[in-house]
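Colleague: Quick one: this structure, given as structure tokens, is what I'll be asking you about.
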Amino acid sequence: MRLLESVFEKHRDRTVLVILITASFALLSLPETRQLDFARSLLSRIMRPAQRTVDLISDYSTVRAENERLRRMIATLMLERGRLLQFRDERERLRRLAEFKEEQTLKLVPAEVIGRDFDRIQTSLVIDKGTVDGLAERMPVFSFEGLVGTISHVEEKSAWVQLLASKNHPVSCIDKRTRVVGVLEWNNRNNFDLKHVGVVEDIATGDTLLTSGFGGTIPKGFPVAIVQRVTSSPDALSLRVTARSTVDFMALEEVFVMTAEIPWNRSLFYEEADTSLMRDVIERKRR
Amino acid sequence: MRFLVPLLTVVVFLGLQSTVASKIAIGGIAPDFIVVCVILFGLQRGPIVGSLFGFLAGFLVDLGNPGYLGLNALTKSLVGYAGGRLGSTASPGTVVLVFVIFLAALGHDIVYLLVYQWPRVDRAFVGIFTNALPSALYTALAGIVVERLLALLGAKVVTKLGKERQ
């Protein structure tokens, strides 16, 4: 013991170094999982406040610049909003003068796909929303990419969606570019035929087909398919137009059911949510 | 207060390393401000405090990257110890200080790479030439800037302390 004490007294610095090196190697020899657990528990106790402070300092300049940019954006948006409100009123006045139908906006209910056809050719799917959510038969169903189909059967907490990709589900469509109207019918997989298009009509490969709104069930202007090929049919009176759906029916996981249409100038997101957001911004500025 | 100053110093230099180092990196080579901090502390306070301080700083660095927990603690204890030994024998001027920091950073990286790559010593040698050498040079230059800044702020840094310790 005395020998150790005298060695420590004589070579105090080296003894400390040896102890530290031993401790380092002891830490290094710990199994990796224990190293991680040990480090994580220590980090959360010691380093978290320090890291937060460092992050705060480093974020400060970024936040300042972002704040400046957002202020500018708010100013632009507020001016733009003022102009849009004027345009809205003017447009409504003109529409009333021309006796146009009042334009509608959509009320969409998000739903999750919970089941599919057992058949190899899938023509329908089951979603997790039903009558309790306000769903009814013939309501149109959309995905982010476009029209998916319509509700064919509703239960309390689920509903069946008949996909566009099924034989008995034709949809009236309009060419986005030339406003040519036809009836889109499923052919195979994601491929469709646009029927009743006269040979003199202007329709070309790459054109987008939108819902026409005819019939009143499906609203106007939603993408359905893109024209793939245009050839003349054997009767020489009409065109044979093949198109591919914008929706991947096999990969659908979430859809939206359109349960109602609301006049767009009376819609919630325009009148209440938007106005309250602006009110918040103005109040914060005042403070 | 005795323990608070080293702890705060480490935290400040860790912050410097995590925010500034990556932004001033040239071709992926960044200075190691923690090594600068440890070597300056060692030169100032001697081998015992230097190695303890190095261990603490290295351990905190290891906590952020715990795959090799203890590796930075080991290398930085050695740097602190070496700094302490050098500080007791010499009173470094600026040129000497650049050289001392360069050697400390290089030695640190050599030990680090050898332990990290063990038993693939060949890989460690490649790392020494491609990474450790330019990094040590950059660290030495950054170290002088830090030392000068600290001196401007009124901190009693190396150049005075060499004399004080003698």
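Ligands are numbered from 1 in the order shown, chains are lettered A, B, ... in the order of the structure tokens, and residues start at 1 in each chain.
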Considering only C-alpha atoms, tabulate each residue of chain B that lies at most 8 Å from chain A along with its nearest interatomic pair and the corresponding distance in Å to one decimal; arrange the rows by chain and ascending residue number and present them as a Markdown table.

Modeller:
```
| residue | atom | partner | partner_atom | distance |
| --- | --- | --- | --- | --- |
| B:Val11 | CA | A:Ala50 | CA | 7.0 |
| B:Gly15 | CA | A:Val54 | CA | 5.7 |
| B:Thr19 | CA | A:Ser58 | CA | 6.7 |
| B:Pro47 | CA | A:Asp13 | CA | 5.9 |
| B:Ile48 | CA | A:Asp13 | CA | 4.9 |
| B:Ser51 | CA | A:Leu17 | CA | 6.4 |
| B:Leu52 | CA | A:Leu20 | CA | 7.5 |
| B:Phe55 | CA | A:Leu20 | CA | 6.9 |
| B:Asp62 | CA | A:Ala39 | CA | 8.0 |
| B:Leu63 | CA | A:Ala39 | CA | 5.0 |
| B:Gly64 | CA | A:Leu43 | CA | 7.4 |
| B:Pro66 | CA | A:Leu36 | CA | 5.6 |
| B:Gly67 | CA | A:Glu32 | CA | 6.3 |
| B:Tyr68 | CA | A:Leu28 | CA | 6.0 |
| B:Leu69 | CA | A:Leu28 | CA | 5.4 |
| B:Gly70 | CA | A:Ser24 | CA | 4.5 |
| B:Leu71 | CA | A:Leu28 | CA | 6.6 |
| B:Ala73 | CA | A:Ser24 | CA | 5.9 |
| B:Leu74 | CA | A:Ser24 | CA | 5.2 |
| B:Ser77 | CA | A:Leu20 | CA | 7.0 |
| B:Leu78 | CA | A:Leu17 | CA | 7.5 |
| B:Tyr81 | CA | A:Leu17 | CA | 7.2 |
```

Colleague: Which residues, written as JSON, numbers by chain, have at least one atom at most 10 Å from stretch 101-114 of chain B, with only C-alpha atoms counted and residues fewer than 5 positions away on the same chain left out?

Modeller: {"B": [31, 32, 33, 34, 35, 36, 37, 38, 39, 40, 71, 72, 74, 75, 76, 77, 78, 79, 80, 82, 83, 96, 119, 120, 121, 122, 123, 124, 125, 126, 127, 128, 129, 131, 132, 133, 134, 135, 136, 137, 138, 139, 140, 141, 142, 143, 144]}

Colleague: Taking 2 positions as the minimum chain separation for residues in the same chain, which residues sit within 7 Å of A:Glu156 when counting only C-alpha atoms? Answer as a PyMOL selection string.

Modeller: chain A and resi 130-132+154+158

Colleague: Just the helix (DSSP H, G or I) stuff from chain B, please, per backbone DSSP, written as a VMD selection string.

Modeller: chain B and resid 4 to 21 33 to 45 47 to 64 66 to 68 71 to 89 94 to 117 121 to 152 158 to 165

Colleague: Write out as a PyMOL selection string which residues come within 9 Å of A:Val200 when counting only C-alpha atoms, dropping same-chain ones fewer than 4 positions away.

Modeller: chain A and resi 237-239

Colleague: So that I can see what lies close to A:Leu194, please list as a ChimeraX atom specification the residues with an atom at most 10 Å from it, counting only C-alpha atoms and leaving out residues fewer than 6 positions away in the same chain.

Modeller: /A:170-174,181-187,209,225,227,230,239-243

Colleague: In Å, with one decimal, what is the gap from atom CA of A:Asn188 to atom CA of A:Gln228?

Modeller: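 These atoms are spaced 13.7 Å apart.
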
Colleague: Which polymer residues have any atom within 7 Å of an atom of A:Ser143, counting only C-alpha atoms, with same-chain residues fewer than 4 positions away left out, as a VMD selection string?

Modeller: chain A and resid 147 to 148 254 to 256

Colleague: As a ChimeraX atom specification, please: the residues near A:Gly216 (cut-off 12 Å, only C-alpha atoms, same-chain neighbours under 5 positions excluded).

Modeller: /A:138-140,171-172,211,261
